[in-house]
Structure formats: C-alpha cells, structure tokens
>>> print(open('model39.csv').read())   # CSV, C-alpha atoms
chain,number,residue,atom,x,y,z
C,30,MET,CA,-18.0,-24.8,-19.1
C,31,SER,CA,-16.5,-22.0,-21.1
C,32,LYS,CA,-13.5,-20.2,-19.8
C,33,VAL,CA,-14.1,-16.5,-19.2
C,34,LYS,CA,-11.4,-14.2,-20.6
C,35,ILE,CA,-10.1,-11.9,-17.9
C,36,SER,CA,-9.0,-8.4,-19.1
C,37,ILE,CA,-5.7,-6.9,-18.2
C,38,LYS,CA,-7.6,-4.1,-16.3
C,39,ALA,CA,-9.5,-6.6,-14.3
C,40,ARG,CA,-6.3,-8.4,-13.3
C,41,GLN,CA,-4.7,-5.1,-12.4
C,42,HIS,CA,-7.7,-4.2,-10.3
C,43,VAL,CA,-7.5,-7.6,-8.4
C,44,ARG,CA,-3.7,-7.1,-7.9
C,45,ASP,CA,-4.5,-3.6,-6.4
C,46,LEU,CA,-7.1,-5.2,-4.1
C,47,LEU,CA,-4.5,-7.8,-3.0
C,48,THR,CA,-1.9,-5.1,-2.5
C,49,ASN,CA,-4.3,-3.1,-0.4
C,50,TYR,CA,-6.0,-6.1,1.4
C,51,ASN,CA,-5.2,-5.0,4.9
C,52,GLU,CA,-6.2,-1.4,4.2
C,53,LEU,CA,-9.5,-2.7,2.7
C,54,LYS,CA,-10.2,-4.5,6.0
C,55,SER,CA,-9.4,-1.3,8.0
C,56,GLU,CA,-11.4,1.0,5.7
C,57,MET,CA,-14.4,-1.3,5.9
C,58,GLN,CA,-14.3,-1.3,9.7
C,59,GLU,CA,-13.9,2.5,9.8
C,60,LEU,CA,-16.9,2.9,7.4
C,61,ARG,CA,-19.0,0.7,9.7
C,62,GLU,CA,-17.9,2.6,12.7
C,63,SER,CA,-18.7,5.9,11.1
C,64,ILE,CA,-22.2,4.8,10.4
C,65,MET,CA,-22.7,3.1,13.8
C,66,HIS,CA,-21.2,6.0,15.8
C,67,PRO,CA,-21.5,9.2,13.7
C,68,HIS,CA,-20.1,12.4,15.1
C,69,ARG,CA,-22.8,14.5,16.7
C,70,GLU,CA,-22.9,18.0,18.0
C,71,SER,CA,-23.7,18.2,21.7
C,72,ASP,CA,-27.4,19.0,22.4
C,73,GLN,CA,-27.7,22.5,23.9
C,74,ASN,CA,-31.4,22.0,24.3
C,75,VAL,CA,-31.7,21.9,28.1
C,76,GLY,CA,-34.9,20.3,29.2
C,77,GLY,CA,-36.1,19.5,25.7
C,78,GLY,CA,-37.0,16.0,24.5
C,79,LYS,CA,-35.5,13.9,21.7
C,80,SER,CA,-37.3,14.1,18.5
C,81,SER,CA,-36.4,10.6,17.3
C,82,LEU,CA,-36.8,7.3,19.1
C,83,PRO,CA,-33.8,5.1,19.5
C,84,ILE,CA,-35.4,2.3,17.6
C,85,PHE,CA,-35.5,4.5,14.4
C,86,GLU,CA,-31.8,5.2,14.9
C,87,VAL,CA,-31.0,1.5,15.0
C,88,GLU,CA,-33.1,0.9,11.9
C,89,GLU,CA,-31.5,3.8,10.1
C,90,LYS,CA,-28.0,2.5,10.9
C,91,ALA,CA,-28.9,-1.0,9.7
C,92,ILE,CA,-30.2,0.4,6.4
C,93,LYS,CA,-27.1,2.6,5.9
C,94,LEU,CA,-24.8,-0.4,6.6
C,95,ALA,CA,-26.7,-2.7,4.3
C,96,THR,CA,-26.9,-0.1,1.4
C,97,ASN,CA,-23.5,1.4,1.7
C,98,GLU,CA,-21.8,0.5,-1.6
C,99,GLN,CA,-18.3,1.0,-0.3
C,100,ILE,CA,-18.9,-1.5,2.5
C,101,SER,CA,-20.6,-3.9,0.2
C,102,PHE,CA,-17.8,-3.9,-2.3
C,103,ARG,CA,-15.1,-4.3,0.3
C,104,ALA,CA,-17.0,-7.1,2.0
C,105,LYS,CA,-17.5,-8.9,-1.2
C,106,ALA,CA,-13.9,-8.5,-2.3
C,107,LEU,CA,-12.6,-9.7,1.0
C,108,VAL,CA,-14.9,-12.7,1.1
C,109,VAL,CA,-13.9,-13.7,-2.5
C,110,ILE,CA,-10.2,-13.2,-1.8
C,111,ASP,CA,-10.4,-15.2,1.4
C,112,GLY,CA,-12.4,-17.9,-0.3
C,113,VAL,CA,-10.2,-18.3,-3.3
C,114,LEU,CA,-7.1,-18.4,-1.1
C,115,SER,CA,-8.6,-21.0,1.3
C,116,ARG,CA,-9.3,-23.3,-1.6
C,117,SER,CA,-5.8,-22.9,-3.0
C,118,SER,CA,-2.7,-25.0,-2.4
C,119,ASP,CA,-0.3,-24.1,0.4
C,120,GLU,CA,2.2,-23.0,-2.2
C,121,ALA,CA,-0.3,-20.7,-4.0
C,122,GLN,CA,-1.2,-19.1,-0.6
C,123,GLN,CA,2.4,-18.6,0.2
C,124,ILE,CA,3.1,-17.0,-3.2
C,125,ILE,CA,0.2,-14.5,-2.7
C,126,GLU,CA,1.3,-13.8,0.9
C,127,LEU,CA,4.9,-13.1,-0.1
C,128,LYS,CA,3.9,-11.0,-3.1
C,129,TYR,CA,1.0,-9.0,-1.6
C,130,PHE,CA,0.6,-9.4,2.2
C,131,ALA,CA,4.2,-9.2,3.4
C,132,LYS,CA,5.4,-5.9,5.0
C,133,GLU,CA,8.0,-5.8,2.3
C,134,PRO,CA,6.6,-7.6,-0.8
C,135,LEU,CA,9.2,-9.8,-2.5
C,136,SER,CA,10.2,-9.9,-6.2
C,137,TRP,CA,9.4,-12.9,-8.3
C,138,VAL,CA,13.0,-14.0,-8.1
C,139,ALA,CA,13.0,-13.9,-4.3
C,140,ILE,CA,9.6,-15.7,-4.1
C,141,SER,CA,10.9,-18.5,-6.4
C,142,THR,CA,13.9,-19.0,-4.1
C,143,LYS,CA,11.7,-19.2,-1.0
C,144,ILE,CA,9.2,-21.8,-2.5
C,145,GLU,CA,11.1,-24.9,-3.2
C,146,GLY,CA,10.5,-26.5,-6.6
C,147,TYR,CA,9.0,-23.5,-8.3
C,148,SER,CA,10.6,-21.3,-10.9
C,149,GLU,CA,10.0,-17.6,-11.2
C,150,ASP,CA,7.8,-18.3,-14.2
C,151,GLY,CA,5.9,-21.0,-12.3
C,152,CYS,CA,5.2,-18.6,-9.4
C,153,ARG,CA,3.9,-16.0,-11.8
C,154,LYS,CA,1.6,-18.6,-13.4
C,155,ILE,CA,0.2,-19.6,-10.1
C,156,GLU,CA,-0.3,-15.9,-9.1
C,157,ARG,CA,-2.1,-15.3,-12.4
C,158,LYS,CA,-4.5,-18.2,-11.8
C,159,ILE,CA,-5.4,-16.9,-8.4
C,160,VAL,CA,-5.9,-13.4,-9.7
C,161,ASP,CA,-8.1,-14.7,-12.5
C,162,ARG,CA,-10.2,-16.8,-10.1
C,163,ILE,CA,-10.7,-13.8,-7.9
C,164,ALA,CA,-11.7,-11.6,-10.9
C,165,GLU,CA,-14.0,-14.3,-12.2
C,166,GLN,CA,-15.8,-14.6,-8.9
C,167,LEU,CA,-16.1,-10.8,-8.6
C,168,GLY,CA,-17.9,-10.9,-11.9
C,169,TRP,CA,-15.2,-9.1,-13.9
>>> encode(input="model39.csv", output="structure tokens")
Amino acid sequence: MSKVKISIKARQHVRDLLTNYNELKSEMQELRESIMHPHRESDQNVGGGKSSLPIFEVEEKAIKLATNEQISFRAKALVVIDGVLSRSSDEAQQIIELKYFAKEPLSWVAISTKIEGYSEDGCRKIERKIVDRIAEQLGW
C-alpha cells in the first residue's frame, strides 16, 4: 500500500477542523434545525386552506437535509475525526484533546509535561500522524 502525501494545506485544514470541532457540531445542529423548522410568516388567510400537504413538507425537509453540502461535509468530518480518535492510543487522544478540545489549548511544551514519557517532539509527531490519518480519510 503506497503512502499518500498529505499537503501542508490539507494538514492546516484538518487542524482548523480540530480547533473548531465543537463549533462544527453546533453549526451542523443549527443547520438541521433551520431546515426542519424554518421561519415562516404567519398566515393571514383567514378561512383559506393550505396549498401543500404535510407529507410534501416532510419529503422536502428530508431532501434538503440529505443534499445540504454544509451538513454533509460537517457530518463526514465529525465521523472521520471521531473514528480516527477512537482507534488511536489513549496518549494520542489525550494529545489531541489538550491541543484542540480544551477550553484553553496548551502549548506543545505544556502537553509534553502532562503526558508522561513523551517529549515535545514526540507529541508533535503523534499529532501529525492523527492529522494525516484524518486528511487521508477525508480524501485530501
């Protein structure tokens, strides 16, 4: 199996996704909500009937959810990130959590002091392997 070369831009994009992981989840949920429950003007038509049947609204919402590129991309990115992390060592997961998911992300020096037996360079190498796996699985 040949090793795919991951570009610097792809790595940076994955690092941006990791940095914004929680926001991605929130944005995806908000997009879903906006499609499922769009803002509607109140109907001033007293006594008039509805022109569309509810079944068509449900189908329309399902189609919008399935075809929305923003939702699809976010969902794929989150699934890939979660999958790569779940198959990674506890130390690798901890490195990613401390670098990207903490309220106050730590420096490489601080991370290496928290993870026993790993140098700053060792932590960086592990992070890069995780980032490369994510990029590879996203097709970058």
>>> closest_residue(input="model39.csv", among="C:Lys154, C:Arg103, C:Lys143, C:Arg44", to="Glu59 in chain C", atoms="only C-alpha atoms")
C:Arg103
>>> residues_around(input="model39.csv", residues="Gln41 in chain C", least_positions_apart="4", cutoff="12 Å", atoms="all atoms listed in the file", output="PDB file with C-alpha atoms, in the frame of the given file")
ATOM      1  CA  ILE C  35     -10.100 -11.900 -17.900  1.00  0.00           C
ATOM      2  CA  SER C  36      -9.000  -8.400 -19.100  1.00  0.00           C
ATOM      3  CA  ILE C  37      -5.700  -6.900 -18.200  1.00  0.00           C
ATOM      4  CA  ASP C  45      -4.500  -3.600  -6.400  1.00  0.00           C
ATOM      5  CA  LEU C  46      -7.100  -5.200  -4.100  1.00  0.00           C
ATOM      6  CA  LEU C  47      -4.500  -7.800  -3.000  1.00  0.00           C
ATOM      7  CA  THR C  48      -1.900  -5.100  -2.500  1.00  0.00           C
ATOM      8  CA  ARG C 157      -2.100 -15.300 -12.400  1.00  0.00           C
ATOM      9  CA  VAL C 160      -5.900 -13.400  -9.700  1.00  0.00           C
ATOM     10  CA  ASP C 161      -8.100 -14.700 -12.500  1.00  0.00           C
ATOM     11  CA  ILE C 163     -10.700 -13.800  -7.900  1.00  0.00           C
ATOM     12  CA  ALA C 164     -11.700 -11.600 -10.900  1.00  0.00           C
ATOM     13  CA  TRP C 169     -15.200  -9.100 -13.900  1.00  0.00           C
TER      14      TRP C 169
END
>>> atom_distance(input="model39.csv", atom1="CA of Arg40 in chain C", atom2="CA of Gln58 in chain C")
25.4 Å
>>> residues_around(input="model39.csv", residues="Ile124 in chain C", least_positions_apart="4", cutoff="10 Å", atoms="only C-alpha atoms", output="NGL selection string")
:C and (118-120 or 128-130 or 135 or 137 or 140-141 or 143-144 or 152-153 or 155-156 or 159)
>>> residues_around(input="model39.csv", residues="Val113 in chain C", least_positions_apart="2", cutoff="10 Å", atoms="only C-alpha atoms", output="PyMOL selection string")
chain C and resi 107-111+115-117+122+159-160+162-163+166
>>> atom_distance(input="model39.csv", atom1="CA of Ala131 in chain C", atom2="CA of Glu52 in chain C")
13.0 Å
